[in-house]
>>> print(open('work30.pdb').read())   # PDB, C-alpha atoms and all ligand atoms
ATOM      1  CA  MET A   1      -4.606  -1.809 -20.315
ATOM      2  CA  ALA A   2      -4.212  -5.403 -19.150
ATOM      3  CA  LEU A   3      -2.823  -5.953 -15.654
ATOM      4  CA  HIS A   4       0.293  -7.744 -16.888
ATOM      5  CA  ALA A   5       1.123  -4.772 -19.112
ATOM      6  CA  VAL A   6       1.043  -2.483 -16.055
ATOM      7  CA  ALA A   7       3.553  -4.742 -14.264
ATOM      8  CA  GLN A   8       5.680  -4.856 -17.413
ATOM      9  CA  LYS A   9       5.776  -1.056 -17.523
ATOM     10  CA  TYR A  10       6.763  -0.991 -13.844
ATOM     11  CA  ARG A  11       9.713  -3.234 -14.638
ATOM     12  CA  GLN A  12      10.699  -1.236 -17.718
ATOM     13  CA  GLN A  13      10.387   2.212 -16.144
ATOM     14  CA  SER A  14      11.668   1.360 -12.649
ATOM     15  CA  PRO A  15       9.741   4.183 -10.916
ATOM     16  CA  LEU A  16      11.530   6.154  -8.222
ATOM     17  CA  VAL A  17       9.416   5.652  -5.091
ATOM     18  CA  PHE A  18      10.064   8.205  -2.374
ATOM     19  CA  CYS A  19       9.108   6.567   0.938
ATOM     20  CA  LEU A  20       8.447   8.434   4.144
ATOM     21  CA  THR A  21       7.858   5.309   6.135
ATOM     22  CA  ASN A  22       8.286   3.687   9.502
ATOM     23  CA  THR A  23      11.557   2.591  11.039
ATOM     24  CA  VAL A  24      10.388  -1.013  11.479
ATOM     25  CA  VAL A  25       9.885  -1.712   7.785
ATOM     26  CA  SER A  26      12.146   0.779   6.022
ATOM     27  CA  ASN A  27      14.850  -1.709   5.019
ATOM     28  CA  PHE A  28      12.397  -4.434   4.004
ATOM     29  CA  THR A  29      10.375  -1.948   1.954
ATOM     30  CA  ALA A  30      13.482  -0.771   0.093
ATOM     31  CA  ASN A  31      14.382  -4.388  -0.669
ATOM     32  CA  VAL A  32      10.849  -5.169  -1.866
ATOM     33  CA  LEU A  33      10.947  -2.186  -4.217
ATOM     34  CA  LEU A  34      14.331  -3.205  -5.586
ATOM     35  CA  ALA A  35      13.389  -6.867  -5.980
ATOM     36  CA  SER A  36      10.140  -6.014  -7.750
ATOM     37  CA  GLY A  37      11.936  -3.704 -10.192
ATOM     38  CA  ALA A  38      11.430  -0.211  -8.769
ATOM     39  CA  SER A  39      13.912   2.228  -7.316
ATOM     40  CA  PRO A  40      13.583   3.085  -3.594
ATOM     41  CA  ALA A  41      14.558   6.280  -1.773
ATOM     42  CA  MET A  42      13.907   6.491   1.951
ATOM     43  CA  THR A  43      14.357   9.949   3.401
ATOM     44  CA  ASP A  44      12.234  12.118   5.628
ATOM     45  CA  LEU A  45      14.048  15.368   6.324
ATOM     46  CA  PRO A  46      12.033  18.614   6.321
ATOM     47  CA  GLY A  47      13.457  20.881   3.634
ATOM     48  CA  GLU A  48      14.316  17.925   1.401
ATOM     49  CA  ALA A  49      10.949  16.188   1.381
ATOM     50  CA  GLY A  50       9.127  18.884  -0.615
ATOM     51  CA  PRO A  51      11.569  19.150  -3.523
ATOM     52  CA  PHE A  52      12.063  15.383  -3.606
ATOM     53  CA  ALA A  53       8.316  14.759  -3.821
ATOM     54  CA  GLN A  54       8.289  16.862  -6.995
ATOM     55  CA  ALA A  55      11.123  14.917  -8.569
ATOM     56  CA  ALA A  56      10.044  11.387  -7.570
ATOM     57  CA  SER A  57       7.745   9.154  -9.627
ATOM     58  CA  ALA A  58       5.517   8.589  -6.560
ATOM     59  CA  VAL A  59       5.456   9.205  -2.816
ATOM     60  CA  LEU A  60       4.513   6.845   0.019
ATOM     61  CA  VAL A  61       3.414   8.316   3.351
ATOM     62  CA  ASN A  62       3.255   5.574   6.002
ATOM     63  CA  LEU A  63       2.328   6.616   9.533
ATOM     64  CA  GLY A  64       3.827   3.630  11.399
ATOM     65  CA  THR A  65       6.407   5.360  13.620
ATOM     66  CA  PRO A  66       5.989   9.112  13.210
ATOM     67  CA  SER A  67       8.186  11.702  14.910
ATOM     68  CA  THR A  68       7.352  15.386  15.037
ATOM     69  CA  GLU A  69      10.032  16.044  12.444
ATOM     70  CA  GLN A  70       8.832  13.250  10.168
ATOM     71  CA  LEU A  71       5.269  14.583  10.312
ATOM     72  CA  THR A  72       6.581  17.979   9.147
ATOM     73  CA  ALA A  73       8.408  16.290   6.267
ATOM     74  CA  MET A  74       5.280  14.296   5.378
ATOM     75  CA  GLU A  75       3.162  17.411   5.269
ATOM     76  CA  GLU A  76       5.735  19.076   2.997
ATOM     77  CA  ALA A  77       5.917  16.034   0.741
ATOM     78  CA  VAL A  78       2.162  15.757   0.407
ATOM     79  CA  GLN A  79       1.661  19.436  -0.394
ATOM     80  CA  SER A  80       4.439  19.351  -2.934
ATOM     81  CA  ALA A  81       3.221  16.082  -4.511
ATOM     82  CA  SER A  82      -0.301  17.476  -4.821
ATOM     83  CA  ALA A  83       0.963  20.695  -6.415
ATOM     84  CA  ALA A  84       3.300  18.868  -8.829
ATOM     85  CA  GLY A  85       0.830  16.109  -9.728
ATOM     86  CA  THR A  86       3.078  13.386  -8.277
ATOM     87  CA  PRO A  87       0.886  10.438  -7.238
ATOM     88  CA  TRP A  88       0.976   9.735  -3.511
ATOM     89  CA  VAL A  89      -0.178   6.880  -1.323
ATOM     90  CA  LEU A  90      -1.353   7.145   2.279
ATOM     91  CA  ASP A  91      -0.891   4.139   4.594
ATOM     92  CA  PRO A  92      -2.736   5.097   7.797
ATOM     93  CA  VAL A  93      -0.939   2.623  10.086
ATOM     94  CA  ALA A  94      -2.670   2.308  13.488
ATOM     95  CA  VAL A  95      -5.060   5.173  12.749
ATOM     96  CA  GLY A  96      -7.988   4.799  15.118
ATOM     97  CA  ALA A  97      -5.809   3.199  17.790
ATOM     98  CA  LEU A  98      -3.504   6.179  18.382
ATOM     99  CA  PRO A  99      -4.627   9.821  18.552
ATOM    100  CA  VAL A 100      -1.827  11.970  17.052
ATOM    101  CA  ARG A 101      -1.597  10.067  13.771
ATOM    102  CA  THR A 102      -5.390   9.813  13.566
ATOM    103  CA  GLU A 103      -5.737  13.594  13.626
ATOM    104  CA  PHE A 104      -2.811  13.951  11.193
ATOM    105  CA  ALA A 105      -4.198  11.392   8.726
ATOM    106  CA  ARG A 106      -7.627  13.014   8.737
ATOM    107  CA  ARG A 107      -5.945  16.306   7.855
ATOM    108  CA  ILE A 108      -3.564  15.191   5.090
ATOM    109  CA  VAL A 109      -6.141  12.949   3.445
ATOM    110  CA  ARG A 110      -7.748  16.189   2.260
ATOM    111  CA  GLN A 111      -4.689  16.727  -0.012
ATOM    112  CA  ARG A 112      -6.009  14.289  -2.621
ATOM    113  CA  PRO A 113      -4.065  11.023  -2.207
ATOM    114  CA  THR A 114      -4.035   8.817  -5.291
ATOM    115  CA  LEU A 115      -4.522   5.771  -3.081
ATOM    116  CA  ILE A 116      -5.309   5.056   0.564
ATOM    117  CA  ARG A 117      -3.998   1.576   1.474
ATOM    118  CA  GLY A 118      -4.581  -0.025   4.838
ATOM    119  CA  ASN A 119      -6.074  -2.917   6.719
ATOM    120  CA  ALA A 120      -9.791  -3.042   7.519
ATOM    121  CA  SER A 121      -9.459  -1.500  10.983
ATOM    122  CA  GLU A 122      -7.455   1.450   9.639
ATOM    123  CA  ILE A 123      -9.871   2.138   6.784
ATOM    124  CA  LEU A 124     -12.870   2.025   9.156
ATOM    125  CA  ALA A 125     -11.147   4.427  11.545
ATOM    126  CA  LEU A 126     -10.018   6.840   8.832
ATOM    127  CA  ALA A 127     -13.618   7.042   7.634
ATOM    128  CA  GLY A 128     -14.663   7.955  11.190
ATOM    129  CA  ARG A 129     -16.353   4.641  11.903
ATOM    130  CA  GLN A 130     -16.010   2.284  14.851
ATOM    131  CA  SER A 131     -13.020  -0.044  14.527
ATOM    132  CA  ALA A 132     -11.676  -2.739  16.835
ATOM    133  CA  SER A 133      -7.974  -2.050  16.398
ATOM    134  CA  ARG A 134      -5.612  -1.562  19.331
ATOM    135  CA  GLY A 135      -2.364  -1.361  17.330
ATOM    136  CA  VAL A 136      -0.946  -1.999  13.871
ATOM    137  CA  ASP A 137      -2.820  -5.266  13.162
ATOM    138  CA  ALA A 138      -6.379  -5.481  11.853
ATOM    139  CA  LEU A 139      -9.089  -6.803  14.139
ATOM    140  CA  ASP A 140     -11.852  -6.205  11.598
ATOM    141  CA  GLU A 141     -12.773  -8.104   8.417
ATOM    142  CA  VAL A 142     -12.399  -6.604   4.932
ATOM    143  CA  SER A 143     -16.134  -7.125   4.278
ATOM    144  CA  ALA A 144     -16.960  -4.901   7.279
ATOM    145  CA  ALA A 145     -14.856  -2.067   5.830
ATOM    146  CA  LEU A 146     -16.154  -2.024   2.227
ATOM    147  CA  ALA A 147     -18.721   0.708   2.858
ATOM    148  CA  ALA A 148     -16.123   2.836   4.641
ATOM    149  CA  GLY A 149     -13.745   2.293   1.720
ATOM    150  CA  ARG A 150     -16.392   3.433  -0.761
ATOM    151  CA  GLU A 151     -17.123   6.491   1.336
ATOM    152  CA  LEU A 152     -13.419   7.480   1.444
ATOM    153  CA  ALA A 153     -12.975   6.795  -2.278
ATOM    154  CA  THR A 154     -15.936   9.025  -3.148
ATOM    155  CA  GLU A 155     -15.151  11.807  -0.692
ATOM    156  CA  HIS A 156     -11.481  12.108  -1.679
ATOM    157  CA  ASP A 157     -11.787  11.030  -5.320
ATOM    158  CA  CYS A 158      -9.129   8.376  -4.825
ATOM    159  CA  VAL A 159      -8.627   4.621  -4.814
ATOM    160  CA  VAL A 160      -8.888   2.707  -1.525
ATOM    161  CA  ALA A 161      -7.243  -0.694  -1.004
ATOM    162  CA  ILE A 162      -8.126  -2.834   2.011
ATOM    163  CA  SER A 163      -5.842  -5.785   2.763
ATOM    164  CA  GLY A 164      -6.941  -9.036   4.360
ATOM    165  CA  GLN A 165      -7.680 -12.609   3.367
ATOM    166  CA  ALA A 166      -8.846 -11.154   0.056
ATOM    167  CA  ASP A 167      -7.815  -7.608  -0.845
ATOM    168  CA  ALA A 168     -10.525  -5.112  -1.822
ATOM    169  CA  ILE A 169      -9.695  -2.401  -4.360
ATOM    170  CA  ILE A 170     -12.298   0.352  -4.531
ATOM    171  CA  ASP A 171     -12.929   3.613  -6.361
ATOM    172  CA  ALA A 172     -16.019   5.782  -6.681
ATOM    173  CA  THR A 173     -17.780   3.341  -9.008
ATOM    174  CA  ARG A 174     -15.937   0.003  -8.862
ATOM    175  CA  THR A 175     -14.983  -2.668  -6.299
ATOM    176  CA  VAL A 176     -12.769  -5.668  -7.008
ATOM    177  CA  LEU A 177     -11.671  -8.459  -4.664
ATOM    178  CA  VAL A 178      -8.220  -9.901  -5.416
ATOM    179  CA  HIS A 179      -7.812 -13.494  -4.272
ATOM    180  CA  THR A 180      -4.246 -14.594  -3.570
ATOM    181  CA  ASN A 181      -2.902 -16.415  -0.527
ATOM    182  CA  GLY A 182      -0.768 -13.862   1.288
ATOM    183  CA  ILE A 183      -0.840 -15.559   4.688
ATOM    184  CA  GLY A 184       2.985 -15.654   4.822
ATOM    185  CA  LEU A 185       2.986 -11.856   4.748
ATOM    186  CA  THR A 186       1.014 -11.713   8.005
ATOM    187  CA  ARG A 187       3.632 -13.786   9.876
ATOM    188  CA  MET A 188       6.340 -11.173   9.473
ATOM    189  CA  THR A 189       6.224  -7.413  10.000
ATOM    190  CA  GLY A 190       5.852  -5.000   7.109
ATOM    191  CA  GLY A 191       3.895  -7.137   4.660
ATOM    192  CA  GLY A 192       1.266  -4.434   4.232
ATOM    193  CA  CYS A 193       3.670  -1.503   4.502
ATOM    194  CA  ALA A 194       5.858  -2.769   1.648
ATOM    195  CA  LEU A 195       2.727  -3.456  -0.431
ATOM    196  CA  GLY A 196       1.935   0.270  -0.148
ATOM    197  CA  ALA A 197       5.318   1.065  -1.709
ATOM    198  CA  VAL A 198       4.729  -1.309  -4.637
ATOM    199  CA  CYS A 199       1.296   0.264  -5.136
ATOM    200  CA  ALA A 200       2.972   3.699  -5.273
ATOM    201  CA  GLY A 201       5.314   2.428  -7.995
ATOM    202  CA  MET A 202       2.466   0.903 -10.024
ATOM    203  CA  VAL A 203       0.287   4.039  -9.868
ATOM    204  CA  ALA A 204       3.288   6.018 -11.111
ATOM    205  CA  VAL A 205       3.489   4.072 -14.371
ATOM    206  CA  HIS A 206      -0.200   3.787 -15.290
ATOM    207  CA  ASP A 207      -2.850   6.458 -15.669
ATOM    208  CA  ASP A 208      -5.711   4.428 -14.115
ATOM    209  CA  PRO A 209      -4.795   4.103 -10.411
ATOM    210  CA  PHE A 210      -7.601   1.576  -9.856
ATOM    211  CA  GLU A 211      -6.120  -0.850 -12.408
ATOM    212  CA  ALA A 212      -2.583  -0.102 -11.219
ATOM    213  CA  THR A 213      -3.553  -0.956  -7.637
ATOM    214  CA  ILE A 214      -5.101  -4.263  -8.727
ATOM    215  CA  ALA A 215      -1.901  -5.056 -10.651
ATOM    216  CA  ALA A 216       0.218  -4.252  -7.570
ATOM    217  CA  HIS A 217      -1.852  -6.500  -5.303
ATOM    218  CA  GLY A 218      -1.843  -9.318  -7.847
ATOM    219  CA  PHE A 219       1.887  -9.118  -8.522
ATOM    220  CA  TYR A 220       2.614  -9.014  -4.791
ATOM    221  CA  GLY A 221       0.152 -11.730  -3.822
ATOM    222  CA  LEU A 222       1.315 -14.179  -6.486
ATOM    223  CA  ALA A 223       4.920 -13.746  -5.283
ATOM    224  CA  ALA A 224       3.729 -14.378  -1.699
ATOM    225  CA  GLU A 225       2.095 -17.656  -2.806
ATOM    226  CA  LYS A 226       5.342 -18.842  -4.412
ATOM    227  CA  ALA A 227       7.370 -17.803  -1.359
ATOM    228  CA  LEU A 228       5.060 -19.714   0.971
ATOM    229  CA  ALA A 229       5.520 -22.871  -1.057
ATOM    230  CA  GLY A 230       9.303 -22.483  -0.973
ATOM    231  CA  SER A 231       9.849 -21.602   2.698
ATOM    232  CA  SER A 232       9.582 -23.155   6.143
ATOM    233  CA  GLY A 233       8.778 -20.206   8.445
ATOM    234  CA  PRO A 234       8.740 -16.390   8.661
ATOM    235  CA  GLY A 235      12.508 -15.976   8.250
ATOM    236  CA  SER A 236      12.899 -18.061   5.117
ATOM    237  CA  PHE A 237       9.564 -16.675   3.835
ATOM    238  CA  ALA A 238      10.909 -13.105   3.872
ATOM    239  CA  VAL A 239      13.954 -14.151   1.832
ATOM    240  CA  ALA A 240      11.907 -16.341  -0.522
ATOM    241  CA  PHE A 241       9.451 -13.471  -1.021
ATOM    242  CA  LEU A 242      12.201 -11.118  -2.234
ATOM    243  CA  ASP A 243      13.466 -13.842  -4.559
ATOM    244  CA  ALA A 244       9.945 -14.500  -5.857
ATOM    245  CA  LEU A 245       9.346 -10.793  -6.544
ATOM    246  CA  SER A 246      12.620 -10.576  -8.408
ATOM    247  CA  ALA A 247      11.927 -13.718 -10.485
ATOM    248  CA  ALA A 248       8.248 -12.930 -11.143
ATOM    249  CA  ASP A 249       7.075 -12.838 -14.728
ATOM    250  CA  PRO A 250       4.522 -10.015 -15.213
ATOM    251  CA  GLY A 251       2.718 -12.364 -17.631
ATOM    252  CA  GLU A 252       1.593 -14.432 -14.618
ATOM    253  CA  LEU A 253      -0.928 -11.682 -13.894
ATOM    254  CA  LYS A 254      -2.970 -13.099 -16.789
ATOM    255  CA  THR A 255      -3.944 -15.915 -14.389
ATOM    256  CA  LEU A 256      -4.828 -13.635 -11.447
ATOM    257  CA  LYS A 257      -8.133 -14.492  -9.760
ATOM    258  CA  TYR A 258     -10.248 -11.466  -8.995
ATOM    259  CA  GLU A 259     -13.927 -10.797  -8.606
ATOM    260  CA  GLU A 260     -15.936  -7.659  -9.400
ATOM    261  CA  LEU A 261     -18.530  -6.698  -6.800
ATOM    262  CA  ASN A 262     -21.625  -4.621  -7.455
ATOM    263  CA  HIS A 263     -21.366  -1.156  -6.009
ATOM    264  CA  ALA A 264     -24.330  -0.671  -3.677
TER     265      ALA A 264
HETATM  266  N1  LIG B 301      -5.912 -13.615   6.581
HETATM  267  C1  LIG B 301      -5.096 -13.473   5.533
HETATM  268  N2  LIG B 301      -4.893 -14.507   4.689
HETATM  269  C2  LIG B 301      -4.078 -14.385   3.618
HETATM  270  N3  LIG B 301      -3.404 -13.247   3.305
HETATM  271  C3  LIG B 301      -3.572 -12.173   4.105
HETATM  272  C4  LIG B 301      -4.433 -12.223   5.255
HETATM  273  N4  LIG B 301      -4.394 -11.012   5.864
HETATM  274  C5  LIG B 301      -3.572 -10.243   5.117
HETATM  275  N5  LIG B 301      -3.077 -10.926   4.055
HETATM  276  C6  LIG B 301      -2.135 -10.421   3.035
HETATM  277  O1  LIG B 301      -1.033  -9.847   3.699
HETATM  278  C7  LIG B 301      -0.611  -8.660   3.041
HETATM  279  C8  LIG B 301      -0.524  -7.548   4.060
HETATM  280  O2  LIG B 301      -1.816  -7.279   4.535
HETATM  281  P1  LIG B 301      -2.108  -6.895   6.047
HETATM  282  O3  LIG B 301      -3.597  -6.777   6.165
HETATM  283  O4  LIG B 301      -1.400  -7.802   6.980
HETATM  284  O5  LIG B 301      -1.484  -5.446   6.070
HETATM  285  P2  LIG B 301      -1.154  -4.515   7.277
HETATM  286  O6  LIG B 301      -1.977  -4.868   8.485
HETATM  287  O7  LIG B 301      -1.218  -3.123   6.772
HETATM  288  O8  LIG B 301       0.368  -4.985   7.477
HETATM  289  P3  LIG B 301       1.646  -4.394   8.244
HETATM  290  O9  LIG B 301       1.157  -3.245   9.095
HETATM  291  O10 LIG B 301       2.189  -5.539   9.032
HETATM  292  O11 LIG B 301       2.608  -3.936   7.207
HETATM  293  C9  LIG B 301      -1.584  -8.404   1.903
HETATM  294  O12 LIG B 301      -0.961  -8.798   0.694
HETATM  295  C10 LIG B 301      -2.769  -9.329   2.213
HETATM  296  O13 LIG B 301      -3.341  -9.861   1.040
HETATM  297  C1  LIG B 302       5.231  -3.226  14.322
HETATM  298  C2  LIG B 302       5.068  -1.819  13.908
HETATM  299  N1  LIG B 302       4.920  -0.824  14.819
HETATM  300  C3  LIG B 302       4.790   0.381  14.262
HETATM  301  S1  LIG B 302       4.835   0.337  12.554
HETATM  302  C4  LIG B 302       5.064  -1.349  12.579
HETATM  303  C5  LIG B 302       5.233  -2.120  11.326
HETATM  304  C6  LIG B 302       3.992  -2.775  10.847
HETATM  305  O1  LIG B 302       2.926  -1.950  10.669
END
>>> encode(input="work30.pdb", output="structure tokens")
Amino acid sequence: MALHAVAQKYRQQSPLVFCLTNTVVSNFTANVLLASGASPAMTDLPGEAGPFAQAASAVLVNLGTPSTEQLTAMEEAVQSASAAGTPWVLDPVAVGALPVRTEFARRIVRQRPTLIRGNASEILALAGRQSASRGVDALDEVSAALAAGRELATEHDCVVAISGQADAIIDATRTVLVHTNGIGLTRMTGGGCALGAVCAGMVAVHDDPFEATIAAHGFYGLAAEKALAGSSGPGSFAVAFLDALSAADPGELKTLKYEELNHA
């Protein structure tokens, strides 16, 4: 299926994306999902997370600000999503830099995520390699994390997306680089976290998660380019970005620039 058709289906079906995410980006993520055409639900209570993960179209597990209780809910959600066949996305925020979430991520990643989405430092760390990160921002280049991404994709039979100047989308046999200018997204918090939620919605509506993840990155990146052109700083960018997502025509994905790399 063509990328624009995936985005069209996302708009038509308005997938229910169940987000167990961090407190910093929760509101922005919900607004990004709404603006892009999906339906957000942010809740992380043990006892509710399992049943909700069965009912939702997709689940996002983002490790940005975990509490002991939220980790319990995440574990429930992931087990239930795996059992029910609900696609789920892991965003390993600050894995490598902080020990509790690193151990947790290495454990839940064995429950077959549909997609692992993170920056280069997080992907390197999740794969057990050396990374330079000391917090939530990447200090490594996407190119340095491609091999780690391929390793994770093969080991867990999932898609891996690495964000940066160009975004790499990887599965066991394919690697694509998506070229959009998302620099505005790095000047505010939550640009990557909300992208994980849109990816969850796209993988819910299309049976090839690799293509769905490319569509999500393209749709998101093209809106970021428009928002940059129509804003004057991080505050107006955030507002313009929501407006651009809401106004976006899925057909614009026909013009998306991406490059296929040879799998070594
Ligand atoms: N150097 C860059 N130039 C242009 N766009 C970028 C650059 N780095 C990241 N982006 C874009 O910003 C978005 C978020 O990616 P980023 O790597 O900042 O995620 P992240 O570190 O997980 O973010 P956060 O934790 O703040 O939510 C992606 O759409 C990506 O394409
Ligand atoms: C700033 C910050 N701290 C924990 S999560 C988060 C949001 C971006 O990852």
>>> resolve_selection(input="work30.pdb", expression="the PyMOL selection byres (((chain A and resi 121) around 7) and not hetatm)", output="list in words")
Asn119, Ala120, Glu122, Ile123, Leu124, Ala125, Ser131, Ala132, Ser133, Ala138, Leu139 and Asp140 of chain A
>>> write_last_selection(input="work30.pdb", atoms="C-alpha atoms", output="compact mmCIF listing (two decimals), keeping the file's coordinate frame")
# COMPACT_ATOMS: atom_id res chain seq x y z
CA ASN A 119 -6.07 -2.92 6.72
CA ALA A 120 -9.79 -3.04 7.52
CA GLU A 122 -7.46 1.45 9.64
CA ILE A 123 -9.87 2.14 6.78
CA LEU A 124 -12.87 2.02 9.16
CA ALA A 125 -11.15 4.43 11.54
CA SER A 131 -13.02 -0.04 14.53
CA ALA A 132 -11.68 -2.74 16.84
CA SER A 133 -7.97 -2.05 16.40
CA ALA A 138 -6.38 -5.48 11.85
CA LEU A 139 -9.09 -6.80 14.14
CA ASP A 140 -11.85 -6.20 11.60
>>> closest_atom_pairs(input="work30.pdb", of="range 26-72 of chain A", to="range 78-102 of chain A", cutoff="7 Å", atoms="all atoms listed in the file", output="JSON lines")
{"residue": "A:Gly50", "atom": "CA", "partner": "A:Ser80", "partner_atom": "CA", "distance": 5.3}
{"residue": "A:Ala53", "atom": "CA", "partner": "A:Ala81", "partner_atom": "CA", "distance": 5.3}
{"residue": "A:Gln54", "atom": "CA", "partner": "A:Ala84", "partner_atom": "CA", "distance": 5.7}
{"residue": "A:Ser57", "atom": "CA", "partner": "A:Thr86", "partner_atom": "CA", "distance": 6.4}
{"residue": "A:Ala58", "atom": "CA", "partner": "A:Pro87", "partner_atom": "CA", "distance": 5.0}
{"residue": "A:Val59", "atom": "CA", "partner": "A:Trp88", "partner_atom": "CA", "distance": 4.6}
{"residue": "A:Leu60", "atom": "CA", "partner": "A:Val89", "partner_atom": "CA", "distance": 4.9}
{"residue": "A:Val61", "atom": "CA", "partner": "A:Leu90", "partner_atom": "CA", "distance": 5.0}
{"residue": "A:Asn62", "atom": "CA", "partner": "A:Asp91", "partner_atom": "CA", "distance": 4.6}
{"residue": "A:Leu63", "atom": "CA", "partner": "A:Val93", "partner_atom": "CA", "distance": 5.2}
{"residue": "A:Gly64", "atom": "CA", "partner": "A:Val93", "partner_atom": "CA", "distance": 5.0}
>>> closest_residue(input="work30.pdb", among="A:Asp171, A:Glu155, A:Glu225, A:Glu75", to="Phe210 in chain A", atoms="all atoms listed in the file")
A:Asp171
>>> residues_around(input="work30.pdb", residues="range 173-181 of chain A", least_positions_apart="4", cutoff="6 Å", atoms="only C-alpha atoms", output="PyMOL selection string")
chain A and resi 166-169+221+225+257-261
>>> residues_around(input="work30.pdb", residues="range 30-44 of chain A", least_positions_apart="2", cutoff="7 Å", atoms="all atoms listed in the file", output="list in words")
Tyr10, Arg11, Ser14, Pro15, Leu16, Val17, Phe18, Cys19, Leu20, Ser26, Asn27, Phe28, Pro46, Ala49, Gln70, Ala73, Ala194, Ala197, Val198, Gly201, Leu242, Leu245 and Ser246 of chain A
